[in-house]
Amino acid sequence: MDGNGRWAKKRLLPRIAGHKQGVETVREAVKACSELGVRYLTLFAFSSENWRRPEEEVSFLMGLFIAALEREIDKLDRNDIRLRLVGRRDRFSPQIVSLIEAAEARTAGNTGLTLTIAADYGGRWDILQATQAMLIARPELLASGYGEDDLAPYLAMAYAPEPDLFIRTGGEARVSNFLLWQLAYTELYFTDLFWPDFDRAALEAAIASYCQRERRFGRTSEQLSSPC
Ligand code: IPE
Ligand code: MG
């Protein structure tokens, strides 16, 4: 979700106004995905590198995060949405950590959309933490060697299939340390729209573009069926 700051700047508003509007877009995107039958929606809300932003902006984002967790949890639960957080938790305040844990516990049995918020997340961090966790749990692998299937269960999003579609708003054409391992075969979609302008029609256009793609996974065209 990129482009909140530029959306605000274009309107001569402070950056934080863009973040506030961005939360509205998140709410709409979750609703739309839920209605469209998307099984997993993963939002990159705050990267490991975003701590480098000015302190006032970071604390505003943390405040928004707390407010959204408090305000939205009833609705998420009512709509059968399961909420999960991936990323480091040790740099968040105890208040945020306990809100996250409560929200995850409360929605754990829900079977509709799984909404994952990546916060203090980095793809490289994920691969490293998974490797470490795997070797602690199975030290014999150090001598025998290991493969992709050994590592996969220790990745932060082991509960979800690898993403079909990656969408980046805001005009940059890079992955910026998002789900590096899991994106190996994901269809990438970039749009110049700023995140607050990424409405339902824009989401549907991204999905329509995905449906046009041919996903070969190394095979030939003749071996395939359509992705949608
Ligand atoms: C993305 O919008 C939101 C977060 C990282 C929380 P930006 O804040 O990166 O917006 P731009 O890139 O400055 O426009
Ligand atoms: Mg940005």
# chains A, B, ... in the order shown; residues from 1 in each chain; ligands from 1

call {"tool": "residues_near_ligand", "arguments": {"ligand": "ligand 2", "cutoff": "7 Å", "atoms": "only C-alpha atoms and all ligand atoms", "output": "short mmCIF file (atom, residue, chain, number, x, y, z; two decimals) with N, CA, C and O atoms, in the first residue's frame"}}
result
data_model
loop_
_atom_site.label_atom_id
_atom_site.label_comp_id
_atom_site.auth_asym_id
_atom_site.auth_seq_id
_atom_site.Cartn_x
_atom_site.Cartn_y
_atom_site.Cartn_z
N ASP A 2 1.14 1.78 -1.19
CA ASP A 2 2.09 2.89 -1.27
C ASP A 2 1.41 4.11 -1.87
O ASP A 2 0.53 3.99 -2.71
N GLY A 3 1.84 5.28 -1.43
CA GLY A 3 1.36 6.52 -2.03
C GLY A 3 0.49 7.39 -1.13
O GLY A 3 -0.05 8.40 -1.58
N GLY A 5 1.43 9.37 1.32
CA GLY A 5 2.05 10.68 1.50
C GLY A 5 1.84 11.56 0.28
O GLY A 5 1.50 12.74 0.39
#

call {"tool": "closest_atom_pairs", "arguments": {"of": "chain A", "to": "ligand 1", "cutoff": "7 Å", "atoms": "only C-alpha atoms and all ligand atoms", "output": "CSV"}}
result
residue,atom,partner,partner_atom_place_in_ligand_line,distance
A:Met1,CA,ligand 1,1 (C),5.2
A:Asp2,CA,ligand 1,1 (C),3.8
A:Gly3,CA,ligand 1,14 (O),3.2
A:Asn4,CA,ligand 1,10 (O),3.9
A:Gly5,CA,ligand 1,14 (O),3.6
A:Arg6,CA,ligand 1,14 (O),3.6
A:Trp7,CA,ligand 1,14 (O),6.2
A:His19,CA,ligand 1,3 (C),6.4
A:Ala45,CA,ligand 1,6 (C),5.3
A:Phe46,CA,ligand 1,6 (C),5.3
A:Asn50,CA,ligand 1,5 (C),6.5
A:Leu61,CA,ligand 1,6 (C),6.7
A:Gly170,CA,ligand 1,12 (O),6.6

call {"tool": "write_last_selection", "arguments": {"atoms": "C-alpha atoms", "output": "PDB file, in the first residue's frame"}}
result
ATOM      1  CA  MET A   1       0.000   0.000   0.000  1.00  0.00           C
ATOM      2  CA  ASP A   2       2.087   2.892  -1.269  1.00  0.00           C
ATOM      3  CA  GLY A   3       1.360   6.522  -2.032  1.00  0.00           C
ATOM      4  CA  ASN A   4      -0.429   7.835   1.056  1.00  0.00           C
ATOM      5  CA  GLY A   5       2.046  10.683   1.503  1.00  0.00           C
ATOM      6  CA  ARG A   6       1.908  11.753  -2.141  1.00  0.00           C
ATOM      7  CA  TRP A   7      -1.891  11.564  -2.157  1.00  0.00           C
ATOM      8  CA  HIS A  19      -2.493   7.658   6.092  1.00  0.00           C
ATOM      9  CA  ALA A  45       1.217  -1.987   6.389  1.00  0.00           C
ATOM     10  CA  PHE A  46       4.606  -1.286   7.939  1.00  0.00           C
ATOM     11  CA  ASN A  50       9.580   2.124   8.075  1.00  0.00           C
ATOM     12  CA  LEU A  61       0.913   5.290  12.278  1.00  0.00           C
ATOM     13  CA  GLY A 170       1.941   4.359  -5.940  1.00  0.00           C
TER      14      GLY A 170
END

call {"tool": "select_by_dssp", "arguments": {"residues": "range 49-175 of chain A", "states": "strand (DSSP E or B)", "output": "list of chain:residue names"}}
result
A:Arg82, A:Leu83, A:Arg84, A:Leu85, A:Val86, A:Thr114, A:Leu115, A:Thr116, A:Ile117, A:Ala118, A:Ala119, A:Asp120, A:Tyr121, A:Leu165, A:Phe166, A:Ile167, A:Arg168

call {"tool": "residues_around", "arguments": {"residues": "Ser226 in chain A", "least_positions_apart": "3", "cutoff": "12 Å", "atoms": "only C-alpha atoms", "output": "VMD selection string"}}
result
chain A and resid 210 to 216 221 to 223

call {"tool": "closest_residue", "arguments": {"among": "A:Gly112, A:Gly145, A:Pro153, A:Gly18", "to": "Asp126 in chain A", "atoms": "only C-alpha atoms"}}
result
A:Pro153

call {"tool": "select_by_dssp", "arguments": {"residues": "chain A", "states": "helix (DSSP H, G or I)", "output": "NGL selection string"}}
result
:A and (4-10 or 15-36 or 48-52 or 55-78 or 94-107 or 123-137 or 141-144 or 148-154 or 182-185 or 195-197 or 200-212 or 221-223)

call {"tool": "atom_distance", "arguments": {"atom1": "CA of Tyr159 in chain A", "atom2": "CA of Val97 in chain A"}}
result
20.2 Å

call {"tool": "closest_residue", "arguments": {"among": "A:Ser59, A:Gln182, A:Ser93, A:Ser34", "to": "Asn79 in chain A", "atoms": "only C-alpha atoms"}}
result
A:Ser34

call {"tool": "residues_around", "arguments": {"residues": "Phe217 in chain A", "least_positions_apart": "2", "cutoff": "10 Å", "atoms": "only C-alpha atoms", "output": "list of chain:residue names"}}
result
A:Ala184, A:Tyr185, A:Thr186, A:Glu214, A:Arg215, A:Arg219, A:Thr220, A:Leu224

call {"tool": "residues_around", "arguments": {"residues": "Arg200 in chain A", "least_positions_apart": "2", "cutoff": "12 Å", "atoms": "only C-alpha atoms", "output": "JSON, numbers by chain"}}
result
{"A": [24, 25, 26, 27, 28, 29, 30, 31, 32, 33, 34, 35, 36, 195, 196, 197, 198, 202, 203, 204, 205, 206, 207]}

call {"tool": "residues_around", "arguments": {"residues": "range 160-162 of chain A", "least_positions_apart": "2", "cutoff": "7 Å", "atoms": "only C-alpha atoms", "output": "JSON, numbers by chain"}}
result
{"A": [157, 158, 164, 182, 183]}

call {"tool": "residues_around", "arguments": {"residues": "Ile96 in chain A", "least_positions_apart": "2", "cutoff": "12 Å", "atoms": "only C-alpha atoms", "output": "JSON, numbers by chain"}}
result
{"A": [59, 61, 62, 63, 64, 65, 66, 67, 68, 69, 70, 85, 89, 90, 91, 92, 93, 94, 98, 99, 100, 101, 102, 103, 119]}

call {"tool": "write_last_selection", "arguments": {"atoms": "N, CA, C and O atoms", "output": "mmCIF file, in the first residue's frame"}}
result
data_model
loop_
_atom_site.group_PDB
_atom_site.id
_atom_site.type_symbol
_atom_site.label_atom_id
_atom_site.label_comp_id
_atom_site.auth_asym_id
_atom_site.auth_seq_id
_atom_site.Cartn_x
_atom_site.Cartn_y
_atom_site.Cartn_z
ATOM 1 N N SER A 59 4.789 7.496 15.141
ATOM 2 C CA SER A 59 3.837 7.380 16.248
ATOM 3 C C SER A 59 2.406 7.618 15.776
ATOM 4 O O SER A 59 1.469 6.996 16.290
ATOM 5 N N LEU A 61 1.286 6.585 12.875
ATOM 6 C CA LEU A 61 0.913 5.290 12.278
ATOM 7 C C LEU A 61 0.567 4.267 13.366
ATOM 8 O O LEU A 61 -0.397 3.506 13.231
ATOM 9 N N MET A 62 1.336 4.274 14.455
ATOM 10 C CA MET A 62 1.041 3.340 15.557
ATOM 11 C C MET A 62 -0.329 3.645 16.155
ATOM 12 O O MET A 62 -1.111 2.755 16.472
ATOM 13 N N GLY A 63 -0.627 4.942 16.287
ATOM 14 C CA GLY A 63 -1.931 5.358 16.819
ATOM 15 C C GLY A 63 -3.064 4.885 15.915
ATOM 16 O O GLY A 63 -4.095 4.391 16.383
ATOM 17 N N LEU A 64 -2.855 5.022 14.596
ATOM 18 C CA LEU A 64 -3.875 4.578 13.633
ATOM 19 C C LEU A 64 -4.099 3.068 13.734
ATOM 20 O O LEU A 64 -5.231 2.582 13.658
ATOM 21 N N PHE A 65 -2.999 2.374 13.918
ATOM 22 C CA PHE A 65 -3.014 0.927 14.016
ATOM 23 C C PHE A 65 -3.848 0.506 15.238
ATOM 24 O O PHE A 65 -4.747 -0.344 15.148
ATOM 25 N N ILE A 66 -3.584 1.153 16.361
ATOM 26 C CA ILE A 66 -4.319 0.847 17.594
ATOM 27 C C ILE A 66 -5.808 1.152 17.397
ATOM 28 O O ILE A 66 -6.681 0.332 17.694
ATOM 29 N N ALA A 67 -6.088 2.342 16.835
ATOM 30 C CA ALA A 67 -7.489 2.740 16.654
ATOM 31 C C ALA A 67 -8.205 1.759 15.735
ATOM 32 O O ALA A 67 -9.345 1.354 16.001
ATOM 33 N N ALA A 68 -7.528 1.358 14.653
ATOM 34 C CA ALA A 68 -8.165 0.443 13.701
ATOM 35 C C ALA A 68 -8.406 -0.920 14.350
ATOM 36 O O ALA A 68 -9.477 -1.514 14.176
ATOM 37 N N LEU A 69 -7.425 -1.400 15.113
ATOM 38 C CA LEU A 69 -7.604 -2.704 15.774
ATOM 39 C C LEU A 69 -8.792 -2.650 16.735
ATOM 40 O O LEU A 69 -9.611 -3.570 16.782
ATOM 41 N N GLU A 70 -8.873 -1.563 17.475
ATOM 42 C CA GLU A 70 -9.956 -1.455 18.465
ATOM 43 C C GLU A 70 -11.312 -1.310 17.801
ATOM 44 O O GLU A 70 -12.292 -1.909 18.221
ATOM 45 N N LEU A 85 -1.383 -11.388 12.149
ATOM 46 C CA LEU A 85 -0.288 -10.444 11.966
ATOM 47 C C LEU A 85 1.011 -11.164 11.721
ATOM 48 O O LEU A 85 1.321 -12.121 12.440
ATOM 49 N N ARG A 89 7.400 -8.802 16.574
ATOM 50 C CA ARG A 89 6.476 -8.153 17.509
ATOM 51 C C ARG A 89 7.204 -7.422 18.618
ATOM 52 O O ARG A 89 6.598 -6.653 19.359
ATOM 53 N N ASP A 90 8.493 -7.674 18.722
ATOM 54 C CA ASP A 90 9.211 -7.170 19.898
ATOM 55 C C ASP A 90 9.504 -5.672 19.866
ATOM 56 O O ASP A 90 9.960 -5.117 20.849
ATOM 57 N N ARG A 91 9.236 -5.012 18.742
ATOM 58 C CA ARG A 91 9.486 -3.571 18.717
ATOM 59 C C ARG A 91 8.193 -2.765 18.854
ATOM 60 O O ARG A 91 8.222 -1.546 18.846
ATOM 61 N N PHE A 92 7.055 -3.452 18.945
ATOM 62 C CA PHE A 92 5.793 -2.751 19.174
ATOM 63 C C PHE A 92 5.548 -2.565 20.668
ATOM 64 O O PHE A 92 6.076 -3.323 21.482
ATOM 65 N N SER A 93 4.703 -1.590 21.009
ATOM 66 C CA SER A 93 4.404 -1.364 22.430
ATOM 67 C C SER A 93 3.601 -2.546 22.965
ATOM 68 O O SER A 93 2.901 -3.229 22.210
ATOM 69 N N PRO A 94 3.662 -2.776 24.287
ATOM 70 C CA PRO A 94 2.876 -3.862 24.883
ATOM 71 C C PRO A 94 1.381 -3.710 24.590
ATOM 72 O O PRO A 94 0.689 -4.708 24.395
ATOM 73 N N SER A 98 -0.755 -6.672 22.815
ATOM 74 C CA SER A 98 -1.895 -7.365 23.423
ATOM 75 C C SER A 98 -3.164 -7.202 22.583
ATOM 76 O O SER A 98 -3.976 -8.132 22.511
ATOM 77 N N LEU A 99 -3.306 -6.066 21.901
ATOM 78 C CA LEU A 99 -4.458 -5.919 20.985
ATOM 79 C C LEU A 99 -4.368 -6.925 19.835
ATOM 80 O O LEU A 99 -5.376 -7.532 19.443
ATOM 81 N N ILE A 100 -3.172 -7.100 19.321
ATOM 82 C CA ILE A 100 -2.971 -8.061 18.225
ATOM 83 C C ILE A 100 -3.328 -9.473 18.701
ATOM 84 O O ILE A 100 -4.074 -10.206 18.041
ATOM 85 N N GLU A 101 -2.790 -9.835 19.855
ATOM 86 C CA GLU A 101 -3.033 -11.197 20.359
ATOM 87 C C GLU A 101 -4.520 -11.431 20.606
ATOM 88 O O GLU A 101 -5.060 -12.488 20.276
ATOM 89 N N ALA A 102 -5.178 -10.415 21.156
ATOM 90 C CA ALA A 102 -6.614 -10.558 21.434
ATOM 91 C C ALA A 102 -7.392 -10.701 20.124
ATOM 92 O O ALA A 102 -8.304 -11.537 20.002
ATOM 93 N N ALA A 103 -7.033 -9.890 19.123
ATOM 94 C CA ALA A 103 -7.753 -9.928 17.840
ATOM 95 C C ALA A 103 -7.529 -11.270 17.145
ATOM 96 O O ALA A 103 -8.455 -11.857 16.571
ATOM 97 N N ALA A 119 3.337 -6.304 9.502
ATOM 98 C CA ALA A 119 3.735 -5.108 10.245
ATOM 99 C C ALA A 119 5.076 -5.379 10.921
ATOM 100 O O ALA A 119 5.246 -6.420 11.555
#

call {"tool": "closest_residue", "arguments": {"among": "A:Asp120, A:Arg71, A:Ile167, A:Leu13", "to": "Val58 in chain A", "atoms": "only C-alpha atoms"}}
result
A:Asp120
